[in-house]
Amino acid sequence: MVHVLGPSTGGIRRHVRYLAHNPPPGFTTLRVCGPGSLEQYFDGLPFAPLTADGIADADVVHAHGVTAGRVALRRRRPPVVLTLHVYDVAGGRPAPARAALRMLAPAIVRRADAVIAVSVEIAARVPGAVVIPPAAEPRGAPRRDRREVRAELGAADDEVVVMSIARLHRDKSLHVLIEAARLAGLTCWVAGDGPLRAELERLAQGTRVRLLGYRDDVSDLLGAADLFALTSLGEGYPVVVVEALQAGLPVVATDVGAVREMVGDAGEIVDPGDATALASSLSRIAGNDEVRAGLMRRAGARSLPQPEELVRRVGEVYQRVMS
């Protein structure tokens with residue numbers, strides 16, 4: 001089998017990398033096809049450019065997103081499984097590209113042999129789609145003590161710390177998080193890098209928000225934090241929310257994609273772009289130890305899909321389109 005993906009960041013890349021390294025029983029990954037800028041990310045896996053030529057020898061092709069589906073469907077065969085990670089398939093692109101993809105998207109979805117939606121919210125808009133959340137390799141347990149991490153970043157033992165993990169891009173709306181932290185007077189760590197680094201650094205001046213850049217110790221940071229915040233304008237099934245819940249953190253997040261069904265009773269949901277509502281939720285949880293402890297218990301108890309089970313279910317879809 002061959003995985004095909006277009007320009008991708010964050011959770012989509014992690015999902016594809018996990019599936020490529022851990023194919024369903026009975027399947028072997030021949031290669032990953034994508035933009036050359038992603039080749040290093042898939043180090044250790046056969047990699048080829050994003051063209052229809054890279055899929056000719058596959059028994060099944062798994063395309064991730066409409067751009068990838070458009071490439072994969074240029075051939076009549078092999079069968080194509082299309083995963084939709086978001087419903088607004090053209091988000092984050094220049095206006096002409098958005099318009100073109102939105103026109104093409106319905107036809108691409110119809111032509112796919114099977115469609116996987118990463119959330120119930122997406123599946124409700126695509127008749128016949130199978131709901132299978134993304135699979136991604138676990139971050140693992142923290143390697144360092146909570147106090148050590150907090151001391152390194154200048155947070156007192158009894159200080160409530162809000163954590164966020166996001167690419168510094170306009171779609172993540174991190175200016176809203178900075179404003180909410182300012183309004184609430186809370187300490188906030190943001191792990192991630194991206195094109196808005198300089199602008200966000202400027203906005204964070206005079207607040208208790210620290211932009212940490214790219215970090216390879218995310219498990220340590222989650223273990224040292226007390227709350228998790230996600231301020232995205234759009235998401236599919238954000239794996240960072242799964243990781244926060246697994247770390248036992250209450251989640252305050254925007255009402256996008258599958259977030260509401262993921263968080264359940266382990267946090268609060270706010271409207272995208274509303275810094276005042278975000279600040280209110282964060283303050284309410286940060287300022288009440290009993291409330292926060294109850295949410296932490298619920299976060300740790302959330303029943304979340306296991307990667308191995310998700311891979312098995314993807315394999316069932318592959319078998320169906322090949323039969």
# chains A, B, ... in the order shown; residues from 1 in each chain; ligands from 1
>>> residues_around(residues="Gly26 (chain A)", least_positions_apart="2", cutoff="10 Å", atoms="only C-alpha atoms", output="NGL selection string")
:A and (23-24 or 28 or 315 or 319)
>>> residues_around(residues="Glu148 (chain A)", least_positions_apart="6", cutoff="12 Å", atoms="only C-alpha atoms", output="NGL selection string")
:A and (142 or 154-157 or 220-221 or 223-224)
>>> write_last_selection(atoms="all heavy atoms", output="CSV table (one decimal), in the first residue's frame")
chain,number,residue,atom,x,y,z
A,142,PRO,N,6.5,11.3,31.1
A,142,PRO,CA,7.5,12.4,31.4
A,142,PRO,C,8.8,11.7,31.8
A,142,PRO,O,8.8,10.8,32.6
A,142,PRO,CB,6.9,13.2,32.5
A,142,PRO,CG,5.4,13.0,32.4
A,142,PRO,CD,5.3,11.6,31.9
A,154,GLY,N,10.8,28.9,35.3
A,154,GLY,CA,10.5,30.0,36.2
A,154,GLY,C,9.1,30.0,36.7
A,154,GLY,O,8.6,31.0,37.1
A,155,ALA,N,8.5,28.8,36.9
A,155,ALA,CA,7.1,28.7,37.5
A,155,ALA,C,7.2,28.2,38.9
A,155,ALA,O,7.9,27.2,39.1
A,155,ALA,CB,6.2,27.8,36.6
A,156,ALA,N,6.6,28.8,39.8
A,156,ALA,CA,6.6,28.4,41.2
A,156,ALA,C,5.8,27.1,41.4
A,156,ALA,O,4.9,26.8,40.5
A,156,ALA,CB,6.0,29.4,42.1
A,157,ASP,N,6.0,26.3,42.4
A,157,ASP,CA,5.4,25.0,42.6
A,157,ASP,C,3.9,25.2,42.7
A,157,ASP,O,3.1,24.3,42.3
A,157,ASP,CB,5.9,24.4,43.9
A,157,ASP,CG,7.4,23.9,43.8
A,157,ASP,OD1,7.8,23.8,42.6
A,157,ASP,OD2,8.0,23.6,44.8
A,220,ASP,N,7.2,16.0,29.2
A,220,ASP,CA,7.6,16.7,30.4
A,220,ASP,C,6.8,18.0,30.7
A,220,ASP,O,6.4,18.3,31.8
A,220,ASP,CB,9.1,17.1,30.3
A,220,ASP,CG,10.0,15.9,30.2
A,220,ASP,OD1,9.5,14.7,30.4
A,220,ASP,OD2,11.2,16.0,30.0
A,221,LEU,N,6.6,18.7,29.6
A,221,LEU,CA,5.8,20.0,29.7
A,221,LEU,C,4.4,19.7,30.2
A,221,LEU,O,3.8,20.4,31.0
A,221,LEU,CB,5.8,20.8,28.4
A,221,LEU,CG,7.2,21.3,27.9
A,221,LEU,CD1,7.1,21.8,26.5
A,221,LEU,CD2,7.8,22.3,28.9
A,223,GLY,N,3.3,17.2,31.8
A,223,GLY,CA,3.4,16.7,33.2
A,223,GLY,C,3.6,17.8,34.2
A,223,GLY,O,3.2,17.7,35.4
A,224,ALA,N,4.1,18.9,33.8
A,224,ALA,CA,4.4,20.1,34.7
A,224,ALA,C,3.3,21.1,34.6
A,224,ALA,O,3.4,22.1,35.4
A,224,ALA,CB,5.8,20.7,34.3
>>> closest_residue(among="A:Arg182, A:Arg210, A:Arg297, A:Arg110", to="Val66 (chain A)", atoms="only C-alpha atoms")
A:Arg110
>>> select_by_dssp(residues="region 61-277 of chain A", states="helix (DSSP H, G or I)", output="mmCIF file with N, CA, C and O atoms, in the first residue's frame")
data_model
loop_
_atom_site.group_PDB
_atom_site.id
_atom_site.type_symbol
_atom_site.label_atom_id
_atom_site.label_comp_id
_atom_site.auth_asym_id
_atom_site.auth_seq_id
_atom_site.Cartn_x
_atom_site.Cartn_y
_atom_site.Cartn_z
ATOM 1 N N VAL A 66 -7.979 16.235 0.491
ATOM 2 C CA VAL A 66 -8.490 16.353 -0.876
ATOM 3 C C VAL A 66 -7.372 16.567 -1.890
ATOM 4 O O VAL A 66 -7.426 16.040 -3.005
ATOM 5 N N THR A 67 -6.348 17.341 -1.522
ATOM 6 C CA THR A 67 -5.230 17.534 -2.451
ATOM 7 C C THR A 67 -4.598 16.194 -2.807
ATOM 8 O O THR A 67 -4.331 15.901 -3.975
ATOM 9 N N ALA A 68 -4.349 15.363 -1.791
ATOM 10 C CA ALA A 68 -3.777 14.040 -2.033
ATOM 11 C C ALA A 68 -4.744 13.162 -2.814
ATOM 12 O O ALA A 68 -4.349 12.400 -3.704
ATOM 13 N N GLY A 69 -6.039 13.259 -2.497
ATOM 14 C CA GLY A 69 -7.032 12.473 -3.212
ATOM 15 C C GLY A 69 -7.092 12.827 -4.680
ATOM 16 O O GLY A 69 -7.256 11.954 -5.540
ATOM 17 N N ARG A 70 -6.935 14.089 -4.973
ATOM 18 C CA ARG A 70 -6.950 14.526 -6.370
ATOM 19 C C ARG A 70 -5.811 13.873 -7.161
ATOM 20 O O ARG A 70 -6.004 13.440 -8.303
ATOM 21 N N VAL A 71 -4.643 13.773 -6.553
ATOM 22 C CA VAL A 71 -3.499 13.125 -7.217
ATOM 23 C C VAL A 71 -3.742 11.632 -7.349
ATOM 24 O O VAL A 71 -3.545 11.040 -8.417
ATOM 25 N N ALA A 72 -4.176 11.003 -6.255
ATOM 26 C CA ALA A 72 -4.347 9.546 -6.252
ATOM 27 C C ALA A 72 -5.397 9.089 -7.251
ATOM 28 O O ALA A 72 -5.288 7.997 -7.836
ATOM 29 N N ALA A 95 -6.556 32.442 -1.567
ATOM 30 C CA ALA A 95 -7.950 32.478 -2.023
ATOM 31 C C ALA A 95 -8.200 31.729 -3.328
ATOM 32 O O ALA A 95 -9.171 30.962 -3.424
ATOM 33 N N PRO A 96 -7.375 31.898 -4.366
ATOM 34 C CA PRO A 96 -7.645 31.147 -5.607
ATOM 35 C C PRO A 96 -7.595 29.633 -5.409
ATOM 36 O O PRO A 96 -8.416 28.902 -5.968
ATOM 37 N N ALA A 97 -6.634 29.170 -4.612
ATOM 38 C CA ALA A 97 -6.530 27.730 -4.355
ATOM 39 C C ALA A 97 -7.726 27.243 -3.552
ATOM 40 O O ALA A 97 -8.240 26.143 -3.781
ATOM 41 N N ARG A 98 -8.186 28.054 -2.597
ATOM 42 C CA ARG A 98 -9.361 27.668 -1.818
ATOM 43 C C ARG A 98 -10.570 27.479 -2.723
ATOM 44 O O ARG A 98 -11.316 26.506 -2.625
ATOM 45 N N ALA A 99 -10.774 28.444 -3.611
ATOM 46 C CA ALA A 99 -11.933 28.374 -4.499
ATOM 47 C C ALA A 99 -11.876 27.148 -5.402
ATOM 48 O O ALA A 99 -12.877 26.438 -5.584
ATOM 49 N N ALA A 100 -10.691 26.873 -5.949
ATOM 50 C CA ALA A 100 -10.540 25.735 -6.857
ATOM 51 C C ALA A 100 -10.788 24.416 -6.131
ATOM 52 O O ALA A 100 -11.513 23.538 -6.633
ATOM 53 N N LEU A 101 -10.201 24.262 -4.955
ATOM 54 C CA LEU A 101 -10.356 23.000 -4.230
ATOM 55 C C LEU A 101 -11.784 22.798 -3.756
ATOM 56 O O LEU A 101 -12.296 21.676 -3.753
ATOM 57 N N ARG A 102 -12.439 23.868 -3.346
ATOM 58 C CA ARG A 102 -13.820 23.721 -2.886
ATOM 59 C C ARG A 102 -14.734 23.284 -4.022
ATOM 60 O O ARG A 102 -15.710 22.559 -3.810
ATOM 61 N N MET A 103 -14.432 23.707 -5.221
ATOM 62 C CA MET A 103 -15.222 23.266 -6.365
ATOM 63 C C MET A 103 -14.968 21.800 -6.686
ATOM 64 O O MET A 103 -15.882 21.047 -7.027
ATOM 65 N N LEU A 104 -13.718 21.382 -6.541
ATOM 66 C CA LEU A 104 -13.345 20.014 -6.889
ATOM 67 C C LEU A 104 -13.670 19.005 -5.788
ATOM 68 O O LEU A 104 -13.855 17.825 -6.064
ATOM 69 N N ALA A 105 -13.686 19.451 -4.549
ATOM 70 C CA ALA A 105 -13.777 18.535 -3.411
ATOM 71 C C ALA A 105 -14.944 17.550 -3.480
ATOM 72 O O ALA A 105 -14.751 16.342 -3.278
ATOM 73 N N PRO A 106 -16.184 17.989 -3.764
ATOM 74 C CA PRO A 106 -17.294 17.015 -3.784
ATOM 75 C C PRO A 106 -17.065 15.882 -4.775
ATOM 76 O O PRO A 106 -17.355 14.709 -4.480
ATOM 77 N N ALA A 107 -16.523 16.196 -5.958
ATOM 78 C CA ALA A 107 -16.278 15.157 -6.960
ATOM 79 C C ALA A 107 -15.190 14.201 -6.502
ATOM 80 O O ALA A 107 -15.278 12.982 -6.725
ATOM 81 N N ILE A 108 -14.159 14.730 -5.860
ATOM 82 C CA ILE A 108 -13.071 13.875 -5.356
ATOM 83 C C ILE A 108 -13.596 12.926 -4.294
ATOM 84 O O ILE A 108 -13.289 11.728 -4.290
ATOM 85 N N VAL A 109 -14.407 13.450 -3.385
ATOM 86 C CA VAL A 109 -14.983 12.614 -2.326
ATOM 87 C C VAL A 109 -15.860 11.528 -2.923
ATOM 88 O O VAL A 109 -15.807 10.359 -2.515
ATOM 89 N N ARG A 110 -16.669 11.860 -3.925
ATOM 90 C CA ARG A 110 -17.566 10.868 -4.550
ATOM 91 C C ARG A 110 -16.784 9.782 -5.259
ATOM 92 O O ARG A 110 -17.200 8.613 -5.285
ATOM 93 N N ARG A 111 -15.664 10.128 -5.867
ATOM 94 C CA ARG A 111 -14.907 9.152 -6.666
ATOM 95 C C ARG A 111 -14.083 8.194 -5.806
ATOM 96 O O ARG A 111 -13.673 7.128 -6.279
ATOM 97 N N VAL A 120 -17.140 12.440 14.053
ATOM 98 C CA VAL A 120 -18.579 12.355 13.771
ATOM 99 C C VAL A 120 -19.044 13.618 13.048
ATOM 100 O O VAL A 120 -19.896 13.565 12.148
ATOM 101 N N GLU A 121 -18.482 14.762 13.437
ATOM 102 C CA GLU A 121 -18.871 16.043 12.838
ATOM 103 C C GLU A 121 -18.605 16.054 11.339
ATOM 104 O O GLU A 121 -19.421 16.532 10.552
ATOM 105 N N ILE A 122 -17.471 15.508 10.908
ATOM 106 C CA ILE A 122 -17.158 15.451 9.480
ATOM 107 C C ILE A 122 -18.020 14.396 8.790
ATOM 108 O O ILE A 122 -18.556 14.621 7.698
ATOM 109 N N ALA A 123 -18.173 13.245 9.419
ATOM 110 C CA ALA A 123 -18.950 12.156 8.810
ATOM 111 C C ALA A 123 -20.396 12.562 8.559
ATOM 112 O O ALA A 123 -21.023 12.099 7.599
ATOM 113 N N ARG A 146 8.303 17.044 37.704
ATOM 114 C CA ARG A 146 7.476 18.240 37.514
ATOM 115 C C ARG A 146 8.171 19.488 38.051
ATOM 116 O O ARG A 146 8.218 20.530 37.387
ATOM 117 N N ARG A 147 8.732 19.384 39.238
ATOM 118 C CA ARG A 147 9.382 20.561 39.848
ATOM 119 C C ARG A 147 10.584 21.010 39.041
ATOM 120 O O ARG A 147 10.849 22.214 38.903
ATOM 121 N N GLU A 148 11.320 20.062 38.494
ATOM 122 C CA GLU A 148 12.504 20.402 37.702
ATOM 123 C C GLU A 148 12.112 21.203 36.464
ATOM 124 O O GLU A 148 12.752 22.211 36.123
ATOM 125 N N VAL A 149 11.047 20.757 35.782
ATOM 126 C CA VAL A 149 10.607 21.445 34.567
ATOM 127 C C VAL A 149 10.107 22.842 34.913
ATOM 128 O O VAL A 149 10.427 23.831 34.236
ATOM 129 N N ARG A 150 9.321 22.948 35.971
ATOM 130 C CA ARG A 150 8.773 24.251 36.359
ATOM 131 C C ARG A 150 9.882 25.208 36.793
ATOM 132 O O ARG A 150 9.837 26.412 36.472
ATOM 133 N N ALA A 151 10.871 24.698 37.485
ATOM 134 C CA ALA A 151 11.985 25.551 37.901
ATOM 135 C C ALA A 151 12.747 26.070 36.689
ATOM 136 O O ALA A 151 13.141 27.240 36.633
ATOM 137 N N GLU A 152 12.933 25.195 35.703
ATOM 138 C CA GLU A 152 13.633 25.597 34.481
ATOM 139 C C GLU A 152 12.925 26.740 33.770
ATOM 140 O O GLU A 152 13.564 27.649 33.205
ATOM 141 N N ARG A 170 -1.714 31.460 11.794
ATOM 142 C CA ARG A 170 -2.957 32.194 12.025
ATOM 143 C C ARG A 170 -4.138 31.269 12.311
ATOM 144 O O ARG A 170 -5.061 31.638 13.049
ATOM 145 N N ASP A 171 -4.141 30.054 11.739
ATOM 146 C CA ASP A 171 -5.248 29.130 11.972
ATOM 147 C C ASP A 171 -5.372 28.717 13.440
ATOM 148 O O ASP A 171 -6.440 28.284 13.870
ATOM 149 N N LYS A 172 -4.286 28.820 14.195
ATOM 150 C CA LYS A 172 -4.295 28.413 15.607
ATOM 151 C C LYS A 172 -4.746 29.541 16.533
ATOM 152 O O LYS A 172 -4.957 29.311 17.723
ATOM 153 N N LEU A 174 -3.487 32.021 18.149
ATOM 154 C CA LEU A 174 -2.792 32.126 19.436
ATOM 155 C C LEU A 174 -2.798 33.537 20.010
ATOM 156 O O LEU A 174 -2.554 33.719 21.210
ATOM 157 N N HIS A 175 -3.098 34.526 19.191
ATOM 158 C CA HIS A 175 -3.248 35.871 19.749
ATOM 159 C C HIS A 175 -4.405 35.918 20.743
ATOM 160 O O HIS A 175 -4.387 36.686 21.709
ATOM 161 N N VAL A 176 -5.418 35.076 20.518
ATOM 162 C CA VAL A 176 -6.546 34.992 21.449
ATOM 163 C C VAL A 176 -6.088 34.398 22.782
ATOM 164 O O VAL A 176 -6.486 34.870 23.858
ATOM 165 N N LEU A 177 -5.233 33.390 22.729
ATOM 166 C CA LEU A 177 -4.707 32.795 23.953
ATOM 167 C C LEU A 177 -3.870 33.811 24.724
ATOM 168 O O LEU A 177 -3.972 33.906 25.959
ATOM 169 N N ILE A 178 -3.058 34.573 24.026
ATOM 170 C CA ILE A 178 -2.232 35.583 24.695
ATOM 171 C C ILE A 178 -3.101 36.631 25.374
ATOM 172 O O ILE A 178 -2.871 37.017 26.525
ATOM 173 N N GLU A 179 -4.137 37.092 24.673
ATOM 174 C CA GLU A 179 -5.042 38.071 25.259
ATOM 175 C C GLU A 179 -5.789 37.491 26.457
ATOM 176 O O GLU A 179 -5.955 38.168 27.495
ATOM 177 N N ALA A 180 -6.233 36.236 26.357
ATOM 178 C CA ALA A 180 -6.932 35.594 27.473
ATOM 179 C C ALA A 180 -6.018 35.447 28.681
ATOM 180 O O ALA A 180 -6.436 35.678 29.827
ATOM 181 N N ALA A 181 -4.760 35.064 28.454
ATOM 182 C CA ALA A 181 -3.799 34.949 29.553
ATOM 183 C C ALA A 181 -3.562 36.301 30.203
ATOM 184 O O ALA A 181 -3.409 36.402 31.428
ATOM 185 N N ARG A 182 -3.538 37.348 29.393
ATOM 186 C CA ARG A 182 -3.364 38.701 29.935
ATOM 187 C C ARG A 182 -4.564 39.085 30.799
ATOM 188 O O ARG A 182 -4.409 39.586 31.921
ATOM 189 N N LEU A 183 -5.769 38.832 30.287
ATOM 190 C CA LEU A 183 -6.980 39.173 31.038
ATOM 191 C C LEU A 183 -7.072 38.398 32.347
ATOM 192 O O LEU A 183 -7.507 38.943 33.375
ATOM 193 N N ALA A 184 -6.672 37.129 32.311
ATOM 194 C CA ALA A 184 -6.782 36.265 33.495
ATOM 195 C C ALA A 184 -5.569 36.353 34.414
ATOM 196 O O ALA A 184 -5.613 35.843 35.539
ATOM 197 N N ARG A 197 5.991 33.660 14.729
ATOM 198 C CA ARG A 197 6.773 33.732 15.964
ATOM 199 C C ARG A 197 7.049 35.181 16.394
ATOM 200 O O ARG A 197 6.790 35.562 17.539
ATOM 201 N N ALA A 198 7.578 36.010 15.511
ATOM 202 C CA ALA A 198 7.942 37.386 15.880
ATOM 203 C C ALA A 198 6.711 38.185 16.303
ATOM 204 O O ALA A 198 6.747 38.929 17.299
ATOM 205 N N GLU A 199 5.619 38.044 15.562
ATOM 206 C CA GLU A 199 4.394 38.785 15.899
ATOM 207 C C GLU A 199 3.848 38.375 17.258
ATOM 208 O O GLU A 199 3.438 39.222 18.071
ATOM 209 N N LEU A 200 3.839 37.082 17.527
ATOM 210 C CA LEU A 200 3.313 36.599 18.808
ATOM 211 C C LEU A 200 4.233 36.966 19.964
ATOM 212 O O LEU A 200 3.760 37.247 21.080
ATOM 213 N N GLU A 201 5.530 36.974 19.734
ATOM 214 C CA GLU A 201 6.469 37.429 20.765
ATOM 215 C C GLU A 201 6.165 38.880 21.146
ATOM 216 O O GLU A 201 6.191 39.245 22.331
ATOM 217 N N ARG A 202 5.871 39.687 20.145
ATOM 218 C CA ARG A 202 5.550 41.095 20.415
ATOM 219 C C ARG A 202 4.256 41.196 21.222
ATOM 220 O O ARG A 202 4.185 41.954 22.208
ATOM 221 N N LEU A 203 3.234 40.432 20.841
ATOM 222 C CA LEU A 203 1.967 40.469 21.565
ATOM 223 C C LEU A 203 2.104 39.958 23.001
ATOM 224 O O LEU A 203 1.368 40.399 23.891
ATOM 225 N N ALA A 204 3.039 39.053 23.219
ATOM 226 C CA ALA A 204 3.198 38.453 24.548
ATOM 227 C C ALA A 204 3.978 39.332 25.519
ATOM 228 O O ALA A 204 4.032 39.032 26.725
ATOM 229 N N VAL A 218 7.733 17.375 25.101
ATOM 230 C CA VAL A 218 6.338 17.739 25.309
ATOM 231 C C VAL A 218 5.722 16.964 26.472
ATOM 232 O O VAL A 218 4.937 17.514 27.247
ATOM 233 N N SER A 219 6.087 15.705 26.634
ATOM 234 C CA SER A 219 5.547 14.933 27.763
ATOM 235 C C SER A 219 5.935 15.561 29.090
ATOM 236 O O SER A 219 5.128 15.616 30.033
ATOM 237 N N ASP A 220 7.165 16.047 29.186
ATOM 238 C CA ASP A 220 7.618 16.712 30.408
ATOM 239 C C ASP A 220 6.805 17.981 30.657
ATOM 240 O O ASP A 220 6.414 18.277 31.796
ATOM 241 N N LEU A 221 6.566 18.745 29.600
ATOM 242 C CA LEU A 221 5.817 19.996 29.739
ATOM 243 C C LEU A 221 4.373 19.731 30.167
ATOM 244 O O LEU A 221 3.839 20.414 31.049
ATOM 245 N N LEU A 222 3.742 18.730 29.555
ATOM 246 C CA LEU A 222 2.372 18.382 29.946
ATOM 247 C C LEU A 222 2.323 17.927 31.403
ATOM 248 O O LEU A 222 1.386 18.255 32.139
ATOM 249 N N GLY A 223 3.338 17.183 31.814
ATOM 250 C CA GLY A 223 3.379 16.702 33.192
ATOM 251 C C GLY A 223 3.592 17.811 34.197
ATOM 252 O O GLY A 223 3.248 17.657 35.383
ATOM 253 N N ALA A 224 4.137 18.935 33.750
ATOM 254 C CA ALA A 224 4.414 20.051 34.652
ATOM 255 C C ALA A 224 3.330 21.121 34.609
ATOM 256 O O ALA A 224 3.364 22.058 35.411
ATOM 257 N N VAL A 239 -4.750 15.721 17.817
ATOM 258 C CA VAL A 239 -4.097 14.731 18.669
ATOM 259 C C VAL A 239 -3.577 15.360 19.962
ATOM 260 O O VAL A 239 -3.490 14.703 20.999
ATOM 261 N N VAL A 240 -3.241 16.656 19.919
ATOM 262 C CA VAL A 240 -2.739 17.310 21.133
ATOM 263 C C VAL A 240 -3.775 17.286 22.252
ATOM 264 O O VAL A 240 -3.418 17.250 23.431
ATOM 265 N N VAL A 241 -5.059 17.297 21.902
ATOM 266 C CA VAL A 241 -6.105 17.206 22.932
ATOM 267 C C VAL A 241 -6.097 15.826 23.562
ATOM 268 O O VAL A 241 -6.239 15.677 24.789
ATOM 269 N N VAL A 242 -5.909 14.790 22.752
ATOM 270 C CA VAL A 242 -5.773 13.428 23.296
ATOM 271 C C VAL A 242 -4.607 13.376 24.273
ATOM 272 O O VAL A 242 -4.720 12.824 25.375
ATOM 273 N N GLU A 243 -3.484 13.959 23.887
ATOM 274 C CA GLU A 243 -2.291 13.918 24.738
ATOM 275 C C GLU A 243 -2.510 14.676 26.045
ATOM 276 O O GLU A 243 -2.055 14.240 27.107
ATOM 277 N N ALA A 244 -3.206 15.794 25.972
ATOM 278 C CA ALA A 244 -3.491 16.554 27.189
ATOM 279 C C ALA A 244 -4.386 15.754 28.132
ATOM 280 O O ALA A 244 -4.148 15.698 29.351
ATOM 281 N N LEU A 245 -5.409 15.123 27.582
ATOM 282 C CA LEU A 245 -6.297 14.307 28.410
ATOM 283 C C LEU A 245 -5.554 13.114 29.005
ATOM 284 O O LEU A 245 -5.752 12.765 30.178
ATOM 285 N N GLN A 246 -4.694 12.487 28.213
ATOM 286 C CA GLN A 246 -3.907 11.371 28.731
ATOM 287 C C GLN A 246 -2.990 11.800 29.868
ATOM 288 O O GLN A 246 -2.689 11.009 30.764
ATOM 289 N N VAL A 259 -13.526 18.411 18.728
ATOM 290 C CA VAL A 259 -13.055 18.782 20.065
ATOM 291 C C VAL A 259 -14.117 18.562 21.137
ATOM 292 O O VAL A 259 -13.831 18.014 22.206
ATOM 293 N N ARG A 260 -15.345 18.948 20.859
ATOM 294 C CA ARG A 260 -16.396 18.806 21.881
ATOM 295 C C ARG A 260 -16.576 17.339 22.270
ATOM 296 O O ARG A 260 -16.678 17.008 23.461
ATOM 297 N N GLU A 261 -16.622 16.449 21.279
ATOM 298 C CA GLU A 261 -16.803 15.026 21.598
ATOM 299 C C GLU A 261 -15.569 14.446 22.266
ATOM 300 O O GLU A 261 -15.662 13.480 23.039
ATOM 301 N N MET A 262 -14.383 14.991 22.007
ATOM 302 C CA MET A 262 -13.160 14.517 22.636
ATOM 303 C C MET A 262 -13.087 14.918 24.105
ATOM 304 O O MET A 262 -12.745 14.116 24.966
ATOM 305 N N VAL A 263 -13.401 16.176 24.391
ATOM 306 C CA VAL A 263 -13.235 16.719 25.743
ATOM 307 C C VAL A 263 -14.297 16.197 26.693
ATOM 308 O O VAL A 263 -14.020 15.878 27.856
ATOM 309 N N ALA A 275 -11.691 35.858 23.308
ATOM 310 C CA ALA A 275 -10.673 35.885 24.357
ATOM 311 C C ALA A 275 -11.294 36.049 25.735
ATOM 312 O O ALA A 275 -10.795 35.492 26.722
ATOM 313 N N THR A 276 -12.387 36.805 25.828
ATOM 314 C CA THR A 276 -13.028 37.029 27.128
ATOM 315 C C THR A 276 -13.604 35.731 27.681
ATOM 316 O O THR A 276 -13.430 35.414 28.875
ATOM 317 N N ALA A 277 -14.284 34.961 26.837
ATOM 318 C CA ALA A 277 -14.845 33.681 27.284
ATOM 319 C C ALA A 277 -13.736 32.705 27.651
ATOM 320 O O ALA A 277 -13.844 31.966 28.645
#
>>> closest_atom_pairs(of="region 183-264 of chain A", to="region 12-21 of chain A", cutoff="10 Å", atoms="only C-alpha atoms", output="CSV")
residue,atom,partner,partner_atom,distance
A:Gly236,CA,A:Ile12,CA,9.4
A:Tyr237,CA,A:Ile12,CA,9.3
A:Pro238,CA,A:Ile12,CA,9.0
A:Val239,CA,A:Arg14,CA,8.9
>>> atom_distance(atom1="CA of His3 (chain A)", atom2="CA of Pro305 (chain A)")
21.6 Å
>>> residues_around(residues="Asp57 (chain A)", least_positions_apart="4", cutoff="9 Å", atoms="only C-alpha atoms", output="list in words")
Met1, Val2, Leu30, Asp53 and Pro78 of chain A
